[in-house]
file final36.txt (compact mmCIF, C-alpha atoms)
# COMPACT_ATOMS: atom_id res chain seq x y z
CA MET A 15 0.00 0.00 0.00
CA ARG A 16 1.37 3.35 -1.06
CA LEU A 17 0.86 6.21 1.44
CA ALA A 18 0.30 8.65 -1.39
CA ASN A 19 -3.00 6.97 -2.18
CA LEU A 20 -4.38 7.27 1.41
CA PRO A 21 -6.63 10.18 2.39
CA VAL A 22 -5.37 12.51 5.17
CA TYR A 23 -7.67 13.25 8.11
CA THR A 24 -7.47 15.90 10.78
CA VAL A 25 -7.31 15.02 14.48
CA SER A 26 -10.84 16.35 14.96
CA GLN A 27 -12.09 14.13 12.11
CA VAL A 28 -10.52 11.05 13.69
CA ASN A 29 -11.90 11.90 17.11
CA GLY A 30 -15.30 12.61 15.58
CA TYR A 31 -15.27 9.29 13.71
CA VAL A 32 -14.37 7.32 16.85
CA LYS A 33 -17.02 9.22 18.80
CA GLY A 34 -19.58 8.31 16.16
CA LEU A 35 -18.64 4.65 16.37
CA MET A 36 -18.92 4.63 20.14
CA ASP A 37 -22.14 6.62 20.20
CA GLY A 38 -23.64 4.12 17.76
CA ASP A 39 -22.66 1.10 19.83
CA GLU A 40 -25.76 -0.06 21.72
CA LEU A 41 -23.67 -1.53 24.57
CA LEU A 42 -21.84 1.73 25.20
CA THR A 43 -24.93 3.93 25.18
CA GLY A 44 -26.16 2.65 28.53
CA LEU A 45 -24.15 0.32 30.77
CA LEU A 46 -23.39 -0.33 34.45
CA VAL A 47 -19.76 -0.27 35.56
CA ARG A 48 -18.51 -1.45 38.95
CA GLY A 49 -15.27 -0.04 40.37
CA GLU A 50 -13.50 1.87 43.10
CA ILE A 51 -13.50 5.68 43.11
CA SER A 52 -10.09 7.29 42.68
CA ASN A 53 -8.84 10.85 42.02
CA TYR A 54 -12.21 12.23 43.00
CA LYS A 55 -12.62 16.01 42.51
CA ARG A 56 -15.62 18.31 42.71
CA TYR A 57 -15.22 21.62 40.88
CA PRO A 58 -16.93 24.93 41.72
CA SER A 59 -19.02 24.48 38.60
CA GLY A 60 -20.73 21.53 40.32
CA HIS A 61 -19.30 18.91 37.94
CA HIS A 62 -17.67 15.81 39.45
CA TYR A 63 -14.57 14.19 37.91
CA PHE A 64 -13.13 10.87 39.04
CA SER A 65 -11.85 7.49 37.89
CA LEU A 66 -13.26 4.02 38.39
CA LYS A 67 -10.58 1.40 38.83
CA ASP A 68 -10.14 -2.27 39.55
CA GLU A 69 -7.07 -4.48 39.89
CA GLU A 70 -6.13 -4.20 36.22
CA GLY A 71 -7.36 -0.90 34.82
CA ALA A 72 -8.99 2.49 35.22
CA LEU A 73 -11.79 4.38 33.46
CA ARG A 74 -12.13 8.16 33.44
CA CYS A 75 -15.58 9.43 34.48
CA VAL A 76 -17.47 12.70 34.58
CA MET A 77 -20.76 13.47 36.30
CA PHE A 78 -22.29 16.81 35.38
CA ARG A 79 -23.94 19.15 37.85
CA GLY A 80 -27.53 18.15 37.04
CA GLU A 81 -26.94 14.45 37.66
CA ALA A 82 -24.66 15.13 40.64
CA ALA A 83 -27.40 17.15 42.37
CA ARG A 84 -29.44 13.94 42.69
CA LEU A 85 -26.72 12.05 44.60
CA ARG A 86 -27.88 10.68 47.97
CA PHE A 87 -24.36 10.22 49.36
CA ARG A 88 -20.99 11.96 49.22
CA PRO A 89 -18.53 10.11 46.97
CA GLU A 90 -15.08 9.57 48.46
CA ASN A 91 -11.83 8.05 47.25
CA GLY A 92 -11.67 4.32 47.97
CA MET A 93 -15.46 3.91 47.87
CA ARG A 94 -16.75 1.01 45.77
CA VAL A 95 -19.63 2.07 43.51
CA VAL A 96 -21.71 1.04 40.53
CA ALA A 97 -22.04 3.76 37.86
CA PHE A 98 -24.62 3.93 35.09
CA GLY A 99 -23.98 5.97 31.97
CA ARG A 100 -22.64 6.01 28.42
CA VAL A 101 -19.11 5.72 27.13
CA SER A 102 -18.05 8.24 24.52
CA VAL A 103 -15.09 10.27 23.31
CA TYR A 104 -14.38 13.83 24.36
CA PRO A 105 -13.24 15.17 20.97
CA ARG A 106 -11.06 17.96 22.31
CA ASP A 107 -8.79 15.55 24.22
CA GLY A 108 -9.33 12.44 22.15
CA ALA A 109 -9.92 10.49 25.34
CA TYR A 110 -12.90 8.30 26.01
CA GLN A 111 -14.74 8.46 29.32
CA LEU A 112 -17.88 7.37 31.10
CA TYR A 113 -20.54 10.07 31.21
CA CYS A 114 -22.09 9.04 34.51
CA GLN A 115 -25.83 9.59 34.96
CA GLU A 116 -26.34 7.66 38.22
CA LEU A 117 -23.98 6.53 40.97
CA MET A 118 -24.78 3.88 43.60
CA GLN A 119 -22.72 2.66 46.56
CA ASP A 120 -21.41 -0.88 46.27
CA GLY A 121 -19.54 -1.43 49.56
CA ARG A 122 -16.06 -0.23 50.56
CA GLY A 123 -13.01 -0.50 48.37
CA ALA A 124 -10.04 -2.66 49.26
CA LEU A 125 -7.83 0.31 50.20
CA ASP A 126 -10.59 1.84 52.28
CA GLU A 127 -11.09 -1.43 54.14
CA ALA A 128 -7.34 -1.76 54.76
CA PHE A 129 -7.28 1.81 56.06
CA GLU A 130 -10.11 1.13 58.52
CA ARG A 131 -8.59 -2.14 59.75
CA LEU A 132 -5.24 -0.48 60.51
CA ARG A 133 -6.87 2.59 62.06
CA ARG A 134 -8.99 0.48 64.43
CA ARG A 135 -6.03 -1.69 65.44
CA LEU A 136 -3.69 1.22 66.17
CA GLU A 137 -6.44 3.10 67.95
CA ALA A 138 -7.05 0.09 70.20
CA GLU A 139 -3.33 0.12 71.08
CA GLY A 140 -3.66 3.75 72.25
CA LEU A 141 -1.43 5.07 69.48
CA PHE A 142 -3.79 7.99 68.82
CA ASP A 143 -4.57 8.95 72.44
CA GLU A 144 -4.78 12.70 73.01
CA ALA A 145 -2.86 12.27 76.27
CA ASN A 146 0.24 11.32 74.21
CA LYS A 147 0.11 14.43 72.00
CA GLN A 148 2.98 16.91 72.47
CA PRO A 149 2.53 20.67 72.36
CA LEU A 150 4.24 22.48 69.50
CA PRO A 151 7.09 24.86 70.34
CA GLU A 152 5.92 28.47 70.29
CA TYR A 153 9.04 29.75 68.54
CA PRO A 154 10.83 26.83 66.82
CA GLY A 155 14.47 27.45 66.05
CA LYS A 156 14.96 24.59 63.57
CA ILE A 157 12.27 22.79 61.55
CA ALA A 158 12.74 19.58 59.57
CA LEU A 159 10.59 18.89 56.49
CA VAL A 160 10.24 15.16 55.76
CA THR A 161 8.96 15.27 52.19
CA SER A 162 9.93 15.03 48.56
CA PRO A 163 12.58 17.66 47.66
CA ALA A 164 11.14 18.04 44.15
CA GLY A 165 7.44 18.49 44.84
CA ALA A 166 5.36 21.65 44.93
CA ALA A 167 4.58 20.97 48.59
CA VAL A 168 8.15 21.57 49.78
CA ARG A 169 8.36 24.84 47.83
CA ASP A 170 5.10 26.06 49.35
CA MET A 171 6.25 25.18 52.86
CA LEU A 172 9.66 26.85 52.42
CA ARG A 173 8.03 29.99 51.04
CA ILE A 174 5.48 30.27 53.83
CA LEU A 175 8.01 29.54 56.58
CA GLY A 176 10.34 32.18 55.13
CA VAL A 177 7.62 34.80 54.99
CA ARG A 178 6.02 34.09 58.34
CA TRP A 179 9.09 33.37 60.50
CA PRO A 180 12.47 33.82 58.79
CA LEU A 181 14.23 33.36 62.15
CA ALA A 182 13.62 29.60 61.93
CA GLU A 183 16.22 27.45 60.17
CA VAL A 184 14.65 24.87 57.84
CA LEU A 185 16.16 21.46 57.05
CA VAL A 186 14.74 19.31 54.24
CA ALA A 187 15.00 15.58 54.88
CA PRO A 188 14.48 14.22 51.32
CA VAL A 189 12.32 11.10 50.99
CA ARG A 190 10.07 9.50 48.44
CA VAL A 191 6.41 10.14 49.25
CA GLN A 192 4.89 7.67 46.78
CA GLY A 193 5.65 4.10 45.85
CA ALA A 194 6.50 0.81 47.49
CA GLU A 195 9.51 2.02 49.50
CA ALA A 196 8.20 5.47 50.43
CA ALA A 197 6.80 4.50 53.84
CA GLU A 198 10.08 2.98 55.03
CA GLU A 199 12.00 6.07 53.90
CA ILE A 200 9.62 8.42 55.71
CA ALA A 201 9.79 6.36 58.93
CA ALA A 202 13.60 6.11 58.76
CA ALA A 203 13.94 9.89 58.27
CA ILE A 204 11.78 10.59 61.35
CA HIS A 205 13.88 8.17 63.43
CA ARG A 206 17.14 9.81 62.25
CA LEU A 207 15.90 13.28 63.10
CA ASN A 208 15.08 12.09 66.62
CA ASN A 209 18.78 11.30 67.12
CA ARG A 210 19.60 15.00 66.68
CA ALA A 211 19.44 17.55 69.47
CA ASP A 212 18.90 20.64 67.30
CA ILE A 213 15.50 19.84 65.75
CA ASP A 214 12.51 21.51 67.41
CA LEU A 215 9.70 20.44 65.04
CA ILE A 216 9.04 17.99 62.21
CA ILE A 217 6.57 18.50 59.35
CA THR A 218 5.91 15.48 57.17
CA GLY A 219 3.58 15.31 54.20
CA ARG A 220 3.05 15.82 50.51
CA GLY A 221 0.64 17.43 48.06
CA GLY A 222 -2.71 16.04 47.02
CA GLY A 223 -3.42 12.96 44.97
CA SER A 224 -5.48 9.80 44.87
CA MET A 225 -5.78 7.45 47.81
CA GLU A 226 -3.09 5.29 46.20
CA ASP A 227 -0.78 8.29 45.85
CA LEU A 228 -1.15 9.13 49.56
CA TRP A 229 -0.93 5.52 50.74
CA ALA A 230 2.62 5.80 52.13
CA PHE A 231 1.15 7.92 54.93
CA ASN A 232 -1.35 5.14 55.70
CA GLU A 233 1.39 2.60 56.42
CA GLU A 234 1.93 1.27 59.93
CA ALA A 235 5.68 2.03 59.90
CA VAL A 236 5.05 5.76 59.37
CA ALA A 237 2.34 5.88 62.05
CA ARG A 238 4.58 4.20 64.64
CA ALA A 239 7.57 6.42 63.81
CA ILE A 240 5.41 9.51 64.33
CA ALA A 241 3.88 8.15 67.56
CA VAL A 242 7.26 7.43 69.23
CA SER A 243 8.91 10.66 68.07
CA ASN A 244 10.25 12.78 70.92
CA ILE A 245 10.07 15.77 68.57
CA PRO A 246 6.56 17.15 67.90
CA VAL A 247 5.27 16.14 64.46
CA ILE A 248 2.79 17.93 62.17
CA SER A 249 1.15 15.72 59.54
CA ALA A 250 0.40 17.76 56.39
CA VAL A 251 -0.81 15.35 53.73
CA GLY A 252 -2.87 16.07 50.62
CA HIS A 253 -5.87 18.37 50.50
CA GLU A 254 -8.32 19.24 53.28
CA PRO A 255 -10.73 16.27 52.71
CA ASP A 256 -7.85 13.77 52.74
CA VAL A 257 -7.35 11.98 56.05
CA THR A 258 -4.47 9.53 56.62
CA ILE A 259 -3.28 7.29 59.44
CA ALA A 260 -0.38 9.72 59.87
CA ASP A 261 -2.91 12.46 60.71
CA TYR A 262 -4.24 10.39 63.63
CA ALA A 263 -0.76 9.60 64.97
CA ALA A 264 0.69 13.11 64.63
CA ASP A 265 0.68 15.72 67.38
CA LEU A 266 -1.20 18.03 65.03
CA ARG A 267 -2.98 17.50 61.71
CA ALA A 268 -2.77 20.18 59.03
CA ALA A 269 -5.26 20.33 56.18
CA THR A 270 -2.51 20.87 53.56
CA PRO A 271 1.29 21.25 53.49
CA SER A 272 0.85 25.03 53.29
CA ASN A 273 -1.42 24.94 56.33
CA GLY A 274 1.21 22.83 58.13
CA ALA A 275 3.79 25.58 57.60
CA GLU A 276 1.33 28.19 58.86
CA LEU A 277 0.63 26.18 62.01
CA ALA A 278 4.32 25.53 62.67
CA VAL A 279 5.46 29.11 63.20
CA PRO A 280 4.05 32.44 64.35
CA ASP A 281 3.48 35.25 61.89
CA GLN A 282 6.25 37.82 62.19
CA ALA A 283 3.84 40.61 61.18
CA GLU A 284 1.46 39.65 63.99
CA GLU A 285 4.36 39.37 66.44
CA ARG A 286 5.61 42.83 65.44
CA GLU A 287 2.14 44.25 65.97
CA ARG A 288 1.88 42.51 69.33
CA LEU A 289 5.26 43.94 70.40
CA ALA A 290 4.19 47.37 69.20
CA GLN A 291 1.02 47.12 71.29
CA LEU A 292 3.05 46.07 74.33
CA ASN A 293 5.42 48.98 73.73
CA ARG A 294 2.47 51.39 73.54
CA ARG A 295 0.96 49.97 76.72
CA LEU A 296 4.33 50.25 78.48
CA ALA A 297 4.72 53.86 77.36
CA ARG A 298 1.22 54.70 78.64
CA ALA A 299 1.92 53.01 81.96
CA LEU A 300 5.18 54.95 82.33
CA ARG A 301 3.43 58.23 81.55
CA VAL A 302 0.75 57.53 84.14
CA GLN A 303 3.36 56.62 86.73
CA LEU A 304 5.37 59.76 85.92
CA ASP A 305 2.25 61.96 86.23
CA ARG A 306 1.48 60.45 89.62
CA ALA A 307 5.05 61.05 90.77
CA ARG A 308 4.83 64.69 89.65
CA LEU A 309 1.59 65.20 91.57
CA GLU A 310 3.12 63.63 94.66
CA LEU A 311 6.19 65.84 94.35
CA LYS A 312 3.98 68.92 94.01
CA ARG A 313 2.00 67.89 97.09
CA LEU A 314 5.17 67.39 99.09
CA LYS A 315 6.55 70.74 98.02
CA SER A 316 3.43 72.50 99.33
CA SER A 317 3.32 70.57 102.62
CA ARG A 318 3.76 72.40 105.97
CA ALA A 319 6.71 70.17 106.79
CA LEU A 320 8.75 71.64 103.98
CA GLN A 321 7.41 75.17 104.48
CA ASN A 322 8.10 75.17 108.23
CA GLY A 323 10.55 72.63 109.64
CA LYS A 324 9.10 72.99 113.16
CA ALA A 325 5.52 72.40 112.04
CA PRO A 326 5.58 68.63 112.65
CA ILE A 327 6.88 69.11 116.20
CA GLN A 328 4.24 71.73 116.91
CA ASP A 329 1.54 69.48 115.51
CA ARG A 330 2.75 66.63 117.70
CA ARG A 331 2.72 68.80 120.79
CA LEU A 332 -0.82 69.99 120.11
CA ALA A 333 -1.92 66.42 119.54
CA VAL A 334 -0.30 65.23 122.79
CA ASP A 335 -1.90 68.07 124.79
CA ALA A 336 -5.31 67.26 123.37
CA LEU A 337 -4.82 63.60 124.20
CA ARG A 338 -3.83 64.38 127.76
CA ARG A 339 -6.91 66.52 128.24
CA ARG A 340 -9.17 63.81 126.91
CA MET A 341 -7.48 61.19 129.11
CA GLY A 342 -7.77 63.41 132.19
CA LEU A 343 -11.47 63.96 131.66
CA ALA A 344 -12.03 60.32 131.03
CA LEU A 345 -10.05 59.26 134.10
CA GLY A 346 -11.87 61.75 136.33
CA HIS A 347 -15.25 60.59 135.15
CA ASP A 348 -14.31 56.93 135.58
CA ALA A 349 -12.87 57.53 139.08
CA GLU A 350 -16.11 59.14 140.30
CA LYS A 351 -18.10 56.24 139.00
CA ALA A 352 -15.75 53.80 140.71
CA ARG A 353 -16.14 55.59 144.07
CA GLN A 354 -19.94 55.44 143.81
CA ARG A 355 -19.86 51.72 143.05
CA LEU A 356 -17.49 51.09 145.98
CA ASP A 357 -19.72 52.96 148.48
CA ALA A 358 -22.72 50.99 147.31
CA GLN A 359 -20.83 47.73 147.74
CA ARG A 360 -19.66 48.69 151.20
CA GLY A 361 -23.28 49.36 152.25
CA ARG A 362 -24.52 46.04 150.99
CA LEU A 363 -21.63 43.93 152.33
CA PRO A 364 -22.72 43.62 156.10
CA LEU A 365 -26.23 42.62 155.15
CA ALA A 366 -24.97 40.07 152.70
CA LEU A 367 -22.55 38.58 155.26
CA LYS A 368 -25.29 38.36 157.91
CA HIS A 369 -27.68 36.67 155.53
CA ARG A 370 -24.98 34.24 154.35
CA THR A 371 -24.02 33.33 157.97
CA ALA A 372 -27.64 32.58 158.88
CA GLU A 373 -28.00 30.32 155.87
CA GLN A 374 -24.83 28.38 156.76
CA ARG A 375 -25.86 27.96 160.40
CA GLY A 376 -29.24 26.55 159.38
CA ARG A 377 -27.59 24.13 157.01
CA LEU A 378 -25.12 23.01 159.71
CA GLY A 379 -27.98 22.29 162.09
CA ARG A 380 -29.79 20.19 159.53
CA LEU A 381 -26.68 18.18 158.75
CA SER A 382 -25.94 17.59 162.45
CA ALA A 383 -29.46 16.31 163.08
CA GLY A 384 -29.15 13.95 160.14
CA LEU A 385 -25.84 12.58 161.31
CA ASP A 386 -27.14 12.11 164.83
CA ALA A 387 -30.13 10.18 163.54
CA LEU A 388 -27.90 7.86 161.54
CA SER A 389 -25.37 7.29 164.40
CA PRO A 390 -24.95 3.60 165.41
CA LEU A 391 -24.92 4.66 169.05
CA LYS A 392 -28.46 5.95 168.69
CA VAL A 393 -29.49 2.55 167.29
CA LEU A 394 -27.81 0.71 170.18
CA GLY A 395 -29.54 3.02 172.65
CA ARG A 396 -32.90 1.77 171.44
CA GLY A 397 -32.06 -1.84 172.52
CA TYR A 398 -30.36 -3.16 169.43
CA ALA A 399 -26.88 -4.86 169.38
CA ILE A 400 -24.16 -5.44 166.81
CA ALA A 401 -22.43 -8.84 166.59
CA ARG A 402 -18.83 -8.94 165.26
CA ARG A 403 -16.63 -11.89 164.41
CA GLY A 404 -13.16 -10.50 164.34
CA GLU A 405 -13.35 -7.40 162.15
CA ASP A 406 -16.46 -8.58 160.29
CA VAL A 407 -20.03 -7.66 161.25
CA VAL A 408 -22.24 -10.77 161.52
CA SER A 409 -25.54 -10.09 159.80
CA SER A 410 -26.54 -13.68 158.91
CA ILE A 411 -26.44 -17.08 160.70
CA ALA A 412 -24.49 -18.38 157.73
CA GLN A 413 -21.50 -16.25 158.86
CA ALA A 414 -20.97 -18.13 162.18
CA GLU A 415 -21.03 -21.70 163.51
CA PRO A 416 -21.58 -23.15 167.04
CA GLY A 417 -18.45 -22.67 169.13
CA ASP A 418 -17.43 -19.43 167.41
CA LYS A 419 -16.60 -16.50 169.67
CA LEU A 420 -18.36 -13.21 169.02
CA LYS A 421 -18.12 -9.66 170.35
CA VAL A 422 -21.58 -8.13 170.87
CA LEU A 423 -21.74 -4.32 171.02
CA VAL A 424 -24.51 -2.82 173.21
CA SER A 425 -25.17 0.79 174.17
CA ASP A 426 -22.76 0.90 177.11
CA GLY A 427 -20.09 -1.72 176.25
CA THR A 428 -19.12 -5.05 174.67
CA LEU A 429 -20.12 -8.64 175.54
CA SER A 430 -17.86 -11.64 174.79
CA CYS A 431 -20.08 -14.60 173.75
CA VAL A 432 -19.71 -18.17 172.47
CA ILE A 433 -22.28 -19.55 170.01
CA GLU A 434 -24.02 -22.65 171.38
CA GLY A 435 -26.36 -23.12 168.43
CA LYS A 436 -28.24 -21.36 165.64
CA GLU A 437 -31.66 -21.52 164.09
CA GLU A 438 -33.28 -19.79 161.14
CA ARG A 439 -35.80 -16.99 161.63
CA THR A 440 -39.36 -18.18 161.59
CA TRP A 441 -41.08 -14.87 162.39
CA ARG A 442 -41.89 -12.04 160.08

call {"tool": "encode", "arguments": {"input": "final36.txt", "output": "structure tokens"}}
result
Amino acid sequence: MRLANLPVYTVSQVNGYVKGLMDGDELLTGLLVRGEISNYKRYPSGHHYFSLKDEEGALRCVMFRGEAARLRFRPENGMRVVAFGRVSVYPRDGAYQLYCQELMQDGRGALDEAFERLRRRLEAEGLFDEANKQPLPEYPGKIALVTSPAGAAVRDMLRILGVRWPLAEVLVAPVRVQGAEAAEEIAAAIHRLNNRADIDLIITGRGGGSMEDLWAFNEEAVARAIAVSNIPVISAVGHEPDVTIADYAADLRAATPSNGAELAVPDQAEERERLAQLNRRLARALRVQLDRARLELKRLKSSRALQNGKAPIQDRRLAVDALRRRMGLALGHDAEKARQRLDAQRGRLPLALKHRTAEQRGRLGRLSAGLDALSPLKVLGRGYAIARRGEDVVSSIAQAEPGDKLKVLVSDGTLSCVIEGKEERTWR
């Protein structure tokens, strides 16, 4: 076949021809496709762009604003879905894609399930506990960036750190942030930095991408390196909706690498303004203090003490004289009162003593009569006797036996007796 005999077509003609073929294929005009969402983006226009992928391939998809408004869930990377639509060519790019009209959830994707399994396991170990989080240094002197040295993320962080806080020294620890060996490199870099004494803060992360692109920051090795770091770590991975295992383990999560740089250091403009405010407040306080000192000096200059050196002594003398007069009047008044009370007491004292003596004599008589009535001698005088056996008083026949010697006390003396017998009382 000679090329000279072949017709020449434009790119648009070829794309249009392929589009016509695909649009005329009944299978491609309405089909269901199952896959896992990847590279999901929603634009301000309301259109949704993403890819559906499986183990062996990927298919570009678009869902326009009208169809997207009917969604009953929020699509996310890693979510397994079933999409209905038509496959056609976008002539401008010459790429075919699925024009999605409906989107239905079909369970969780493999990466999403792996993410959840690891998150739950590390959370159960306490790796994400708030009690283990370290506070960030207020004014870090040296910051280490664990990221790719060639990405846009490192340039953004360096620019923001330089603008906000140029006093901080920045060290870039270059690592791969995507691929099979990226996680081990990131973890090793964090461990190495912890062996240095001059690093105050670590920021690790990368720019946005699909869930697969960010997967290095979902690896267990990275999470454990961050969790055991003695240096505070900021995780700054992807865009704001992206959440990684590193975010849970870090001392602080930043929405983006740029946000991580903003959170890491103070703003020098704000600090200057704060210092200026403090300077103004200090100046005002000094002026107030100086004004008070001037007023005090003026008052002292006009005082009598400085006008007349003897004035304080004269004032003291006048005060002492006035005090003496007041004390004299008070003492005289109190002395007169005391004399009156003493005279009254002297008049009442004889009567009180006489009354008290009579009361005591009456009481003594009553006590004497009582003692006399209870005297054993009075009892003996009425014909009773007291029997004693040695030092013990015998009050029962059980206390003595026939032949025992007793002393019997009567009103006028003592009888020595020997017991001949005993019998119990039969009278009442």

call {"tool": "residues_around", "arguments": {"input": "final36.txt", "residues": "Asp256 of chain A", "least_positions_apart": "5", "cutoff": "10 Å", "atoms": "all atoms listed in the file", "output": "ChimeraX atom specification"}}
result
/A:90-91,222-225,228,250-251,261,269-270

call {"tool": "closest_atom_pairs", "arguments": {"input": "final36.txt", "of": "segment 93-176 of chain A", "to": "segment 74-87 of chain A", "cutoff": "9 Å", "atoms": "only C-alpha atoms", "output": "Markdown table"}}
result
| residue | atom | partner | partner_atom | distance |
| --- | --- | --- | --- | --- |
| A:Val101 | CA | A:Cys75 | CA | 9.0 |
| A:Ala109 | CA | A:Arg74 | CA | 8.7 |
| A:Tyr110 | CA | A:Arg74 | CA | 7.5 |
| A:Gln111 | CA | A:Arg74 | CA | 4.9 |
| A:Leu112 | CA | A:Cys75 | CA | 4.6 |
| A:Tyr113 | CA | A:Val76 | CA | 5.3 |
| A:Cys114 | CA | A:Met77 | CA | 5.0 |
| A:Gln115 | CA | A:Glu81 | CA | 5.7 |
| A:Glu116 | CA | A:Glu81 | CA | 6.8 |
| A:Leu117 | CA | A:Leu85 | CA | 7.2 |
| A:Met118 | CA | A:Leu85 | CA | 8.5 |
| A:Gln119 | CA | A:Phe87 | CA | 8.2 |

call {"tool": "residues_around", "arguments": {"input": "final36.txt", "residues": "Arg267 of chain A", "least_positions_apart": "6", "cutoff": "10 Å", "atoms": "all atoms listed in the file", "output": "ChimeraX atom specification"}}
result
/A:217,247-251,257-258,260-261,273-274,277

call {"tool": "closest_residue", "arguments": {"input": "final36.txt", "among": "A:Arg298, A:Arg402, A:Arg133, A:Arg106", "to": "Lys33 of chain A", "atoms": "only C-alpha atoms"}}
result
A:Arg106

call {"tool": "atom_distance", "arguments": {"input": "final36.txt", "atom1": "atom CA of Gln354 of chain A", "atom2": "atom CA of Met341 of chain A"}}
result
20.1 Å
